[in-house]
file query.txt (compact mmCIF, C-alpha atoms)
# COMPACT_ATOMS: atom_id res chain seq x y z
CA MET N 1430 -5.40 0.24 -74.52
CA LYS N 1431 -7.01 3.60 -73.66
CA SER N 1432 -10.23 1.87 -72.55
CA VAL N 1433 -8.32 -0.50 -70.26
CA LEU N 1434 -6.48 2.44 -68.71
CA SER N 1435 -9.76 4.32 -68.28
CA ILE N 1436 -11.32 1.33 -66.55
CA LEU N 1437 -8.31 0.98 -64.21
CA ILE N 1438 -8.44 4.68 -63.31
CA LEU N 1439 -12.19 4.44 -62.69
CA CYS N 1440 -11.74 1.34 -60.49
CA TYR N 1441 -9.02 3.11 -58.51
CA ALA N 1442 -11.18 6.19 -58.01
CA VAL N 1443 -14.13 4.11 -56.85
CA SER N 1444 -11.93 2.19 -54.39
CA LEU N 1445 -10.69 5.37 -52.68
CA PRO N 1446 -12.38 6.08 -49.37
CA ALA N 1447 -15.08 8.68 -49.75
CA GLN N 1448 -14.30 11.94 -48.05
CA THR N 1449 -17.04 12.41 -45.53
CA LEU N 1450 -18.19 15.87 -44.67
CA PRO N 1451 -19.74 16.72 -41.34
CA PHE N 1452 -23.51 16.99 -40.86
CA SER N 1453 -24.87 14.43 -43.31
CA SER N 1454 -26.86 13.39 -40.22
CA ILE N 1455 -27.23 14.62 -36.65
CA THR N 1456 -28.86 11.69 -34.94
CA THR N 1457 -26.85 11.75 -31.69
CA TYR N 1458 -27.31 14.46 -29.12
CA PRO N 1459 -25.95 15.30 -25.67
CA ASP N 1460 -27.38 13.65 -22.58
CA THR N 1461 -27.66 16.94 -20.70
CA TYR N 1462 -28.87 20.41 -21.47
CA THR N 1463 -26.31 23.13 -20.93
CA ALA N 1464 -25.90 26.51 -22.56
CA GLY N 1465 -23.06 25.06 -24.62
CA SER N 1466 -24.85 21.87 -25.66
CA VAL N 1467 -27.95 23.81 -26.77
CA ALA N 1468 -25.84 26.32 -28.74
CA ALA N 1469 -23.91 23.41 -30.29
CA ARG N 1470 -27.15 21.71 -31.32
CA MET N 1471 -28.29 24.93 -32.99
CA ILE N 1472 -25.08 24.84 -35.04
CA ASP N 1473 -25.65 21.12 -35.76
CA GLY N 1474 -29.13 21.91 -37.11
CA LEU N 1475 -27.68 24.64 -39.30
CA GLY N 1476 -24.89 22.36 -40.53
CA PHE N 1477 -27.37 19.57 -41.34
CA ARG N 1478 -29.60 21.96 -43.30
CA PHE N 1479 -26.66 23.54 -45.12
CA TYR N 1480 -25.23 20.11 -45.98
CA TRP N 1481 -28.45 18.96 -47.65
CA ALA N 1482 -29.32 22.34 -49.16
CA THR N 1483 -25.97 22.34 -50.99
CA GLU N 1484 -25.63 18.60 -51.74
CA GLY N 1485 -25.72 17.98 -55.49
CA LEU N 1486 -25.85 21.61 -56.61
CA ASN N 1487 -24.78 22.18 -60.20
CA GLU N 1488 -23.59 25.22 -62.13
CA LYS N 1489 -27.13 26.15 -63.14
CA ASP N 1490 -28.23 26.05 -59.48
CA LEU N 1491 -25.26 28.12 -58.33
CA ALA N 1492 -25.93 30.80 -60.97
CA TYR N 1493 -29.65 31.03 -60.18
CA LYS N 1494 -30.96 34.29 -58.73
CA PRO N 1495 -34.66 35.05 -58.32
CA SER N 1496 -34.34 38.65 -59.54
CA SER N 1497 -31.72 41.04 -60.84
CA ASP N 1498 -31.28 42.75 -57.47
CA ALA N 1499 -31.07 39.51 -55.43
CA ARG N 1500 -28.06 37.41 -54.50
CA SER N 1501 -27.38 34.36 -56.63
CA CYS N 1502 -27.28 30.94 -54.98
CA GLN N 1503 -23.45 31.07 -55.16
CA GLU N 1504 -23.39 34.51 -53.52
CA THR N 1505 -25.71 33.24 -50.78
CA ILE N 1506 -23.34 30.34 -50.12
CA GLU N 1507 -20.43 32.80 -49.96
CA HIS N 1508 -22.36 34.82 -47.36
CA ILE N 1509 -22.94 31.69 -45.24
CA TYR N 1510 -19.27 30.79 -45.60
CA GLU N 1511 -18.26 34.21 -44.24
CA MET N 1512 -20.65 33.88 -41.28
CA SER N 1513 -19.41 30.36 -40.51
CA PHE N 1514 -16.16 31.99 -39.39
CA MET N 1515 -18.10 34.14 -36.93
CA ALA N 1516 -19.68 31.02 -35.42
CA MET N 1517 -16.28 29.36 -35.08
CA ASN N 1518 -14.39 32.46 -33.93
CA ALA N 1519 -16.64 33.33 -30.95
CA PRO N 1520 -15.61 30.28 -28.88
CA LEU N 1521 -12.04 30.71 -30.10
CA LYS N 1522 -12.14 34.33 -28.90
CA LYS N 1523 -10.79 35.32 -32.29
CA VAL N 1524 -11.47 38.61 -34.09
CA ASN N 1525 -13.52 38.52 -37.30
CA VAL N 1526 -12.28 40.71 -40.11
CA ASN N 1527 -13.88 41.65 -43.42
CA GLY N 1528 -12.79 39.90 -46.57
CA GLN N 1529 -12.53 36.17 -45.93
CA ASP N 1530 -11.39 34.47 -49.14
CA VAL N 1531 -14.69 33.90 -50.94
CA LYS N 1532 -13.02 33.10 -54.24
CA LEU N 1533 -12.82 29.40 -53.44
CA PRO N 1534 -14.40 26.86 -55.78
CA PHE N 1535 -17.88 25.81 -54.64
CA ALA N 1536 -16.89 22.32 -53.39
CA GLU N 1537 -14.01 23.72 -51.34
CA MET N 1538 -16.16 26.53 -49.91
CA ARG N 1539 -18.91 24.06 -48.98
CA LYS N 1540 -16.39 21.78 -47.27
CA LYS N 1541 -14.77 24.66 -45.37
CA THR N 1542 -18.18 26.01 -44.27
CA LEU N 1543 -19.18 22.61 -42.89
CA GLU N 1544 -15.79 22.22 -41.17
CA ASN N 1545 -16.12 25.68 -39.59
CA LEU N 1546 -19.58 24.82 -38.29
CA LYS N 1547 -18.32 21.47 -36.97
CA ALA N 1548 -15.44 23.19 -35.17
CA ALA N 1549 -17.88 25.70 -33.64
CA SER N 1550 -20.23 22.93 -32.53
CA ASP N 1551 -17.41 20.89 -30.97
CA LEU N 1552 -16.08 23.92 -29.07
CA LEU N 1553 -19.53 24.91 -27.82
CA ARG N 1554 -20.42 21.37 -26.74
CA LYS N 1555 -17.39 21.35 -24.41
CA ALA N 1556 -18.00 24.86 -23.08
CA THR N 1557 -18.89 25.48 -19.47
CA ASP N 1558 -21.51 28.03 -18.50
CA GLN N 1559 -18.70 30.42 -17.57
CA ASP N 1560 -17.09 29.89 -20.97
CA MET N 1561 -20.39 30.81 -22.61
CA LYS N 1562 -20.50 34.08 -20.66
CA ASP N 1563 -16.97 34.87 -21.87
CA PHE N 1564 -17.63 34.13 -25.56
CA LYS N 1565 -18.02 37.31 -27.58
CA VAL N 1566 -18.44 38.17 -31.21
CA LEU N 1567 -15.37 40.25 -31.98
CA TYR N 1568 -15.33 42.21 -35.21
CA SER N 1569 -12.83 44.65 -36.66
CA ASP N 1570 -13.38 46.94 -39.62
CA GLY N 1571 -9.68 47.79 -39.66
CA ARG N 1572 -10.15 50.95 -37.61
CA LYS N 1573 -12.10 49.85 -34.59
CA LEU N 1574 -12.77 46.65 -32.65
CA TYR N 1575 -16.43 45.91 -31.95
CA GLU N 1576 -17.50 43.47 -29.25
CA TYR N 1577 -20.94 41.86 -28.96
CA PRO N 1578 -22.29 39.24 -26.53
CA PHE N 1579 -22.77 35.65 -27.68
CA TRP N 1580 -26.52 36.32 -27.83
CA ASN N 1581 -25.91 38.40 -30.94
CA LEU N 1582 -24.27 35.41 -32.62
CA ILE N 1583 -27.47 33.43 -32.09
CA ASN N 1584 -29.95 36.01 -33.35
CA GLY N 1585 -27.51 37.30 -35.97
CA PRO N 1586 -25.22 35.01 -37.98
CA ILE N 1587 -26.55 31.63 -36.81
CA GLU N 1588 -30.20 32.39 -37.55
CA ASP N 1589 -29.23 34.34 -40.67
CA CYS N 1590 -27.44 31.24 -41.98
CA VAL N 1591 -30.51 29.08 -41.29
CA TRP N 1592 -32.60 31.61 -43.22
CA HIS N 1593 -30.14 31.55 -46.14
CA ALA N 1594 -29.98 27.73 -46.18
CA GLY N 1595 -33.74 27.84 -46.75
CA GLN N 1596 -33.19 30.30 -49.61
CA ILE N 1597 -30.75 27.87 -51.22
CA VAL N 1598 -33.42 25.15 -51.03
CA ALA N 1599 -35.93 27.49 -52.70
CA PHE N 1600 -33.40 28.58 -55.32
CA ARG N 1601 -32.49 25.03 -56.28
CA ARG N 1602 -36.16 24.08 -56.51
CA ALA N 1603 -36.75 27.07 -58.81
CA SER N 1604 -33.75 26.11 -60.98
CA GLY N 1605 -35.13 22.57 -61.42
CA ASN N 1606 -33.04 20.62 -58.89
CA PRO N 1607 -35.17 20.15 -55.74
CA ILE N 1608 -33.58 18.92 -52.54
CA ALA N 1609 -33.78 15.20 -51.84
CA GLU N 1610 -36.40 14.42 -49.23
CA LYS N 1611 -34.89 14.12 -45.75
CA ASP N 1612 -36.25 13.66 -42.26
CA PHE N 1613 -35.13 16.97 -40.79
CA PHE N 1614 -37.10 16.36 -37.59
CA MET N 1615 -35.03 13.23 -36.87
CA GLY N 1616 -31.79 14.63 -38.33
CA LYS N 1617 -31.35 12.00 -41.01

call {"tool": "encode", "arguments": {"input": "query.txt", "output": "structure tokens"}}
result
Amino acid sequence: MKSVLSILILCYAVSLPAQTLPFSSITTYPDTYTAGSVAARMIDGLGFRFYWATEGLNEKDLAYKPSSDARSCQETIEHIYEMSFMAMNAPLKKVNVNGQDVKLPFAEMRKKTLENLKAASDLLRKATDQDMKDFKVLYSDGRKLYEYPFWNLINGPIEDCVWHAGQIVAFRRASGNPIAEKDFFMGK
């Protein structure tokens, strides 16, 4: 009886629609070049790399750290998660504050990071040139509000996240779980 029940549960689970996360591919692109569409495509490239860098990570991979004074793979993912809010908050004109909840389980944090990047990309893709001029990185340490131009988001958090996605790829290779081969040039 237990085996029949197990088979029924397994069949039900397999029949459920798979939850798709953004950025498993980025094959479509805008027809025109605007400040917003280029910034959105930068986020798309980051999301695509983060998706595949983190796909199929296991506990051993997440715990891996190249040296005692380095971040672990999990800590690197937490750092990207925190910066994904900055990417999303600039077009929302929302203030970033320290201490986003980084105590989420890995799968939930990965999903939320990808959703944040997708939201940022969608907002940027629709942005006019004037909108882009108005987007700022707003940050509060609890005492003071700091304001930086959108340019700082590009050379700061966005590029930092790309850098860290590459670290995750190196970490997982070192822990024995190399990334599946993808065509990053074509976005698939």

call {"tool": "closest_residue", "arguments": {"input": "query.txt", "among": "N:Asn1487, N:Thr1463, N:Thr1449, N:Thr1457", "to": "Asn1606 in chain N", "atoms": "all atoms listed in the file"}}
result
N:Asn1487

call {"tool": "closest_residue", "arguments": {"input": "query.txt", "among": "N:Gly1595, N:Ala1519, N:Glu1511, N:Asn1527", "to": "Ile1583 in chain N", "atoms": "only C-alpha atoms"}}
result
N:Ala1519

call {"tool": "closest_residue", "arguments": {"input": "query.txt", "among": "N:Phe1535, N:Glu1488, N:Leu1582, N:Tyr1480", "to": "Met1512 in chain N", "atoms": "all atoms listed in the file"}}
result
N:Leu1582

call {"tool": "closest_residue", "arguments": {"input": "query.txt", "among": "N:Gly1616, N:Glu1544, N:Ile1608, N:Val1526", "to": "Arg1572 in chain N", "atoms": "only C-alpha atoms"}}
result
N:Val1526

call {"tool": "closest_residue", "arguments": {"input": "query.txt", "among": "N:Ser1501, N:Ser1569, N:Asn1581, N:Ser1453", "to": "Trp1481 in chain N", "atoms": "all atoms listed in the file"}}
result
N:Ser1453

call {"tool": "closest_residue", "arguments": {"input": "query.txt", "among": "N:Tyr1458, N:Tyr1568, N:His1593, N:Gly1585", "to": "Arg1500 in chain N", "atoms": "all atoms listed in the file"}}
result
N:His1593

call {"tool": "decode", "arguments": {"input": "query.txt", "residues": "range 1518-1533 of chain N", "atoms": "N, CA and C atoms", "output": "PDB file, in the first residue's frame"}}
result
ATOM      1  N   ASN N1518      15.503  48.784  -7.126  1.00  0.00           N
ATOM      2  CA  ASN N1518      15.028  49.989  -6.441  1.00  0.00           C
ATOM      3  C   ASN N1518      15.352  51.279  -7.175  1.00  0.00           C
ATOM      4  N   ALA N1519      16.418  51.318  -7.986  1.00  0.00           N
ATOM      5  CA  ALA N1519      16.748  52.568  -8.694  1.00  0.00           C
ATOM      6  C   ALA N1519      15.597  53.005  -9.610  1.00  0.00           C
ATOM      7  N   PRO N1520      15.084  52.149 -10.489  1.00  0.00           N
ATOM      8  CA  PRO N1520      13.962  52.598 -11.321  1.00  0.00           C
ATOM      9  C   PRO N1520      12.655  52.775 -10.538  1.00  0.00           C
ATOM     10  N   LEU N1521      12.573  52.178  -9.367  1.00  0.00           N
ATOM     11  CA  LEU N1521      11.392  52.369  -8.522  1.00  0.00           C
ATOM     12  C   LEU N1521      11.512  53.634  -7.673  1.00  0.00           C
ATOM     13  N   LYS N1522      12.703  54.243  -7.703  1.00  0.00           N
ATOM     14  CA  LYS N1522      13.003  55.428  -6.894  1.00  0.00           C
ATOM     15  C   LYS N1522      12.783  55.150  -5.412  1.00  0.00           C
ATOM     16  N   LYS N1523      13.225  53.968  -5.007  1.00  0.00           N
ATOM     17  CA  LYS N1523      13.039  53.470  -3.657  1.00  0.00           C
ATOM     18  C   LYS N1523      14.391  53.458  -2.935  1.00  0.00           C
ATOM     19  N   VAL N1524      14.380  53.786  -1.659  1.00  0.00           N
ATOM     20  CA  VAL N1524      15.599  53.845  -0.852  1.00  0.00           C
ATOM     21  C   VAL N1524      16.047  52.436  -0.464  1.00  0.00           C
ATOM     22  N   ASN N1525      17.344  52.190  -0.613  1.00  0.00           N
ATOM     23  CA  ASN N1525      17.953  50.939  -0.158  1.00  0.00           C
ATOM     24  C   ASN N1525      18.389  51.113   1.282  1.00  0.00           C
ATOM     25  N   VAL N1526      18.127  50.093   2.083  1.00  0.00           N
ATOM     26  CA  VAL N1526      18.549  50.127   3.480  1.00  0.00           C
ATOM     27  C   VAL N1526      19.353  48.867   3.779  1.00  0.00           C
ATOM     28  N   ASN N1527      20.262  48.970   4.715  1.00  0.00           N
ATOM     29  CA  ASN N1527      21.040  47.799   5.126  1.00  0.00           C
ATOM     30  C   ASN N1527      20.132  46.741   5.718  1.00  0.00           C
ATOM     31  N   GLY N1528      20.576  45.485   5.597  1.00  0.00           N
ATOM     32  CA  GLY N1528      19.918  44.407   6.320  1.00  0.00           C
ATOM     33  C   GLY N1528      18.737  43.761   5.640  1.00  0.00           C
ATOM     34  N   GLN N1529      18.772  43.590   4.301  1.00  0.00           N
ATOM     35  CA  GLN N1529      17.732  42.792   3.664  1.00  0.00           C
ATOM     36  C   GLN N1529      17.774  41.410   4.305  1.00  0.00           C
ATOM     37  N   ASP N1530      16.671  40.706   4.314  1.00  0.00           N
ATOM     38  CA  ASP N1530      16.601  39.388   4.946  1.00  0.00           C
ATOM     39  C   ASP N1530      17.422  38.387   4.140  1.00  0.00           C
ATOM     40  N   VAL N1531      18.638  38.110   4.610  1.00  0.00           N
ATOM     41  CA  VAL N1531      19.486  37.153   3.899  1.00  0.00           C
ATOM     42  C   VAL N1531      19.415  35.764   4.530  1.00  0.00           C
ATOM     43  N   LYS N1532      18.493  35.566   5.420  1.00  0.00           N
ATOM     44  CA  LYS N1532      18.358  34.273   6.085  1.00  0.00           C
ATOM     45  C   LYS N1532      17.352  33.372   5.375  1.00  0.00           C
ATOM     46  N   LEU N1533      17.114  33.629   4.117  1.00  0.00           N
ATOM     47  CA  LEU N1533      16.218  32.794   3.332  1.00  0.00           C
ATOM     48  C   LEU N1533      16.925  31.503   2.936  1.00  0.00           C
TER      49      LEU N1533
END
